[in-house]
Amino acid sequence: QVQLVESGGGLVQAGGSLRLSCAFSGSTFAAYTMGWYRQAPGKQRELVATISSGGSTNYADAVKGRFTISRDNAKNTVYLQMNSLKPEDTAVYYCKATLIRFTSWGQGTQVTVSS
């Protein structure tokens with residue numbers, strides 16, 4: 001059973017940086033596409049970034065050039081480096097693991113960016 005545990009969220013001033021981590025367990029991490037999503041109050045959950053098993057990345061337009069997704073298959077962990085944070089980045093950030101039709105979500109970590 002896949003389990004995902006996010007960490008690294010917190011309160012940061014605009015222009016600051018945070019690095020989120022998502023620890024994966026219960027299956028073969030290297031085979032999964034991993035993603036970060038976020039949900040702000042009153043809004044739908046949206047894609048932030050994904051990274052395939054082969055290392056290909058994809059970003060939402062709103063975070064391109066500011067956020068970087070990466071993975072460490074030896075540590076079964078996916079990261080989201082967030083730089084130049086803006087108040088509109090405030091949301092709960094969720095980690096997602098996907099393999100064909102199987103999907104698993106983490107519990108989320110809060111990121112709050114003050115102006």
# chains A, B, ... in the order shown; residues from 1 in each chain; ligands from 1
call {"tool": "residues_around", "arguments": {"residues": "range 77-92 of chain A", "least_positions_apart": "5", "cutoff": "10 Å", "atoms": "only C-alpha atoms", "output": "PyMOL selection string"}}
result
chain A and resi 4-25+29-30+34-41+43+45+48-51+62-63+65-72+97+107-115
call {"tool": "closest_residue", "arguments": {"among": "A:Gly54, A:Ala31, A:Ala60, A:Gln1", "to": "Asn76 in chain A", "atoms": "only C-alpha atoms"}}
result
A:Ala31
call {"tool": "atom_distance", "arguments": {"atom1": "CA of Gln44 in chain A", "atom2": "CA of Ser27 in chain A"}}
result
28.7 Å
call {"tool": "atom_distance", "arguments": {"atom1": "CA of Tyr59 in chain A", "atom2": "CA of Thr98 in chain A"}}
result
16.4 Å
call {"tool": "select_by_dssp", "arguments": {"residues": "chain A", "states": "strand (DSSP E)", "output": "VMD selection string"}}
result
chain A and resid 3 to 7 10 to 13 18 to 25 33 to 39 46 to 51 57 to 59 67 to 72 77 to 82 91 to 99 102 to 105 109 to 114
call {"tool": "atom_distance", "arguments": {"atom1": "CA of Glu46 in chain A", "atom2": "CA of Lys75 in chain A"}}
result
26.2 Å
call {"tool": "select_by_dssp", "arguments": {"residues": "chain A", "states": "helix (DSSP H, G or I)", "output": "ChimeraX atom specification"}}
result
/A:29-31,87-89
call {"tool": "closest_residue", "arguments": {"among": "A:Phe102, A:Asp61, A:Asn73, A:Thr28", "to": "Leu47 in chain A", "atoms": "only C-alpha atoms"}}
result
A:Asp61
call {"tool": "decode", "arguments": {"residues": "range 19-33 of chain A", "atoms": "all heavy atoms", "output": "PDB file, in the first residue's frame"}}
result
ATOM      1  N   ARG A  19      11.355  24.478   0.563  1.00  0.00           N
ATOM      2  CA  ARG A  19      11.494  23.202  -0.137  1.00  0.00           C
ATOM      3  C   ARG A  19      10.565  22.185   0.511  1.00  0.00           C
ATOM      4  O   ARG A  19      10.708  21.882   1.706  1.00  0.00           O
ATOM      5  CB  ARG A  19      12.927  22.676  -0.122  1.00  0.00           C
ATOM      6  CG  ARG A  19      13.085  21.453  -1.024  1.00  0.00           C
ATOM      7  CD  ARG A  19      14.504  20.958  -1.120  1.00  0.00           C
ATOM      8  NE  ARG A  19      14.880  20.100  -0.007  1.00  0.00           N
ATOM      9  CZ  ARG A  19      15.814  19.158  -0.065  1.00  0.00           C
ATOM     10  NH1 ARG A  19      16.475  18.960  -1.199  1.00  0.00           N
ATOM     11  NH2 ARG A  19      16.115  18.440   0.993  1.00  0.00           N
ATOM     12  N   LEU A  20       9.655  21.658  -0.286  1.00  0.00           N
ATOM     13  CA  LEU A  20       8.754  20.606   0.167  1.00  0.00           C
ATOM     14  C   LEU A  20       9.351  19.245  -0.154  1.00  0.00           C
ATOM     15  O   LEU A  20      10.015  19.072  -1.184  1.00  0.00           O
ATOM     16  CB  LEU A  20       7.389  20.732  -0.501  1.00  0.00           C
ATOM     17  CG  LEU A  20       6.671  22.074  -0.373  1.00  0.00           C
ATOM     18  CD1 LEU A  20       5.289  21.997  -1.042  1.00  0.00           C
ATOM     19  CD2 LEU A  20       6.555  22.503   1.064  1.00  0.00           C
ATOM     20  N   SER A  21       9.088  18.289   0.720  1.00  0.00           N
ATOM     21  CA  SER A  21       9.511  16.913   0.507  1.00  0.00           C
ATOM     22  C   SER A  21       8.308  15.993   0.616  1.00  0.00           C
ATOM     23  O   SER A  21       7.367  16.276   1.364  1.00  0.00           O
ATOM     24  CB  SER A  21      10.552  16.495   1.556  1.00  0.00           C
ATOM     25  OG  SER A  21      11.703  17.303   1.504  1.00  0.00           O
ATOM     26  N   CYS A  22       8.362  14.907  -0.129  1.00  0.00           N
ATOM     27  CA  CYS A  22       7.308  13.894  -0.060  1.00  0.00           C
ATOM     28  C   CYS A  22       7.992  12.527   0.006  1.00  0.00           C
ATOM     29  O   CYS A  22       8.635  12.119  -0.972  1.00  0.00           O
ATOM     30  CB  CYS A  22       6.397  13.986  -1.263  1.00  0.00           C
ATOM     31  SG  CYS A  22       5.185  12.650  -1.377  1.00  0.00           S
ATOM     32  N   ALA A  23       7.847  11.886   1.150  1.00  0.00           N
ATOM     33  CA  ALA A  23       8.438  10.573   1.349  1.00  0.00           C
ATOM     34  C   ALA A  23       7.450   9.492   0.921  1.00  0.00           C
ATOM     35  O   ALA A  23       6.298   9.481   1.366  1.00  0.00           O
ATOM     36  CB  ALA A  23       8.820  10.391   2.809  1.00  0.00           C
ATOM     37  N   PHE A  24       7.913   8.583   0.085  1.00  0.00           N
ATOM     38  CA  PHE A  24       7.095   7.525  -0.524  1.00  0.00           C
ATOM     39  C   PHE A  24       7.468   6.190   0.106  1.00  0.00           C
ATOM     40  O   PHE A  24       8.657   5.903   0.294  1.00  0.00           O
ATOM     41  CB  PHE A  24       7.391   7.510  -2.022  1.00  0.00           C
ATOM     42  CG  PHE A  24       6.754   6.415  -2.823  1.00  0.00           C
ATOM     43  CD1 PHE A  24       5.690   6.695  -3.660  1.00  0.00           C
ATOM     44  CD2 PHE A  24       7.256   5.116  -2.807  1.00  0.00           C
ATOM     45  CE1 PHE A  24       5.115   5.698  -4.461  1.00  0.00           C
ATOM     46  CE2 PHE A  24       6.694   4.117  -3.583  1.00  0.00           C
ATOM     47  CZ  PHE A  24       5.623   4.411  -4.418  1.00  0.00           C
ATOM     48  N   SER A  25       6.462   5.350   0.376  1.00  0.00           N
ATOM     49  CA  SER A  25       6.725   4.001   0.859  1.00  0.00           C
ATOM     50  C   SER A  25       5.638   3.064   0.389  1.00  0.00           C
ATOM     51  O   SER A  25       4.547   3.501   0.003  1.00  0.00           O
ATOM     52  CB  SER A  25       6.809   3.977   2.393  1.00  0.00           C
ATOM     53  OG  SER A  25       5.579   4.372   2.969  1.00  0.00           O
ATOM     54  N   GLY A  26       5.944   1.767   0.374  1.00  0.00           N
ATOM     55  CA  GLY A  26       4.949   0.760   0.081  1.00  0.00           C
ATOM     56  C   GLY A  26       4.976   0.184  -1.318  1.00  0.00           C
ATOM     57  O   GLY A  26       4.175  -0.706  -1.626  1.00  0.00           O
ATOM     58  N   SER A  27       5.841   0.674  -2.177  1.00  0.00           N
ATOM     59  CA  SER A  27       5.936   0.131  -3.530  1.00  0.00           C
ATOM     60  C   SER A  27       7.258   0.585  -4.148  1.00  0.00           C
ATOM     61  O   SER A  27       8.140   1.078  -3.439  1.00  0.00           O
ATOM     62  CB  SER A  27       4.746   0.610  -4.368  1.00  0.00           C
ATOM     63  OG  SER A  27       4.706  -0.056  -5.618  1.00  0.00           O
ATOM     64  N   THR A  28       7.394   0.382  -5.464  1.00  0.00           N
ATOM     65  CA  THR A  28       8.635   0.727  -6.157  1.00  0.00           C
ATOM     66  C   THR A  28       8.569   2.166  -6.641  1.00  0.00           C
ATOM     67  O   THR A  28       8.007   2.474  -7.691  1.00  0.00           O
ATOM     68  CB  THR A  28       8.864  -0.228  -7.338  1.00  0.00           C
ATOM     69  OG1 THR A  28       8.834  -1.582  -6.873  1.00  0.00           O
ATOM     70  CG2 THR A  28      10.201   0.066  -7.997  1.00  0.00           C
ATOM     71  N   PHE A  29       9.157   3.045  -5.860  1.00  0.00           N
ATOM     72  CA  PHE A  29       9.074   4.488  -6.119  1.00  0.00           C
ATOM     73  C   PHE A  29       9.509   4.848  -7.538  1.00  0.00           C
ATOM     74  O   PHE A  29       8.849   5.660  -8.195  1.00  0.00           O
ATOM     75  CB  PHE A  29       9.952   5.214  -5.106  1.00  0.00           C
ATOM     76  CG  PHE A  29      10.053   6.700  -5.311  1.00  0.00           C
ATOM     77  CD1 PHE A  29       8.964   7.524  -5.055  1.00  0.00           C
ATOM     78  CD2 PHE A  29      11.242   7.277  -5.746  1.00  0.00           C
ATOM     79  CE1 PHE A  29       9.049   8.903  -5.231  1.00  0.00           C
ATOM     80  CE2 PHE A  29      11.341   8.655  -5.928  1.00  0.00           C
ATOM     81  CZ  PHE A  29      10.244   9.463  -5.663  1.00  0.00           C
ATOM     82  N   ALA A  30      10.569   4.254  -7.999  1.00  0.00           N
ATOM     83  CA  ALA A  30      11.147   4.657  -9.287  1.00  0.00           C
ATOM     84  C   ALA A  30      10.178   4.455 -10.454  1.00  0.00           C
ATOM     85  O   ALA A  30      10.331   5.089 -11.496  1.00  0.00           O
ATOM     86  CB  ALA A  30      12.440   3.889  -9.540  1.00  0.00           C
ATOM     87  N   ALA A  31       9.198   3.611 -10.287  1.00  0.00           N
ATOM     88  CA  ALA A  31       8.258   3.322 -11.376  1.00  0.00           C
ATOM     89  C   ALA A  31       7.143   4.353 -11.500  1.00  0.00           C
ATOM     90  O   ALA A  31       6.433   4.398 -12.511  1.00  0.00           O
ATOM     91  CB  ALA A  31       7.636   1.947 -11.166  1.00  0.00           C
ATOM     92  N   TYR A  32       6.970   5.172 -10.492  1.00  0.00           N
ATOM     93  CA  TYR A  32       5.818   6.076 -10.421  1.00  0.00           C
ATOM     94  C   TYR A  32       6.114   7.455 -11.003  1.00  0.00           C
ATOM     95  O   TYR A  32       7.227   7.981 -10.847  1.00  0.00           O
ATOM     96  CB  TYR A  32       5.377   6.261  -8.968  1.00  0.00           C
ATOM     97  CG  TYR A  32       4.617   5.087  -8.413  1.00  0.00           C
ATOM     98  CD1 TYR A  32       5.270   3.903  -8.103  1.00  0.00           C
ATOM     99  CD2 TYR A  32       3.249   5.157  -8.208  1.00  0.00           C
ATOM    100  CE1 TYR A  32       4.585   2.817  -7.603  1.00  0.00           C
ATOM    101  CE2 TYR A  32       2.540   4.077  -7.691  1.00  0.00           C
ATOM    102  CZ  TYR A  32       3.225   2.911  -7.398  1.00  0.00           C
ATOM    103  OH  TYR A  32       2.524   1.829  -6.889  1.00  0.00           O
ATOM    104  N   THR A  33       5.105   8.024 -11.645  1.00  0.00           N
ATOM    105  CA  THR A  33       5.113   9.455 -11.907  1.00  0.00           C
ATOM    106  C   THR A  33       4.680  10.150 -10.629  1.00  0.00           C
ATOM    107  O   THR A  33       3.676   9.775 -10.018  1.00  0.00           O
ATOM    108  CB  THR A  33       4.151   9.820 -13.040  1.00  0.00           C
ATOM    109  OG1 THR A  33       4.683   9.311 -14.274  1.00  0.00           O
ATOM    110  CG2 THR A  33       3.976  11.318 -13.163  1.00  0.00           C
TER     111      THR A  33
END
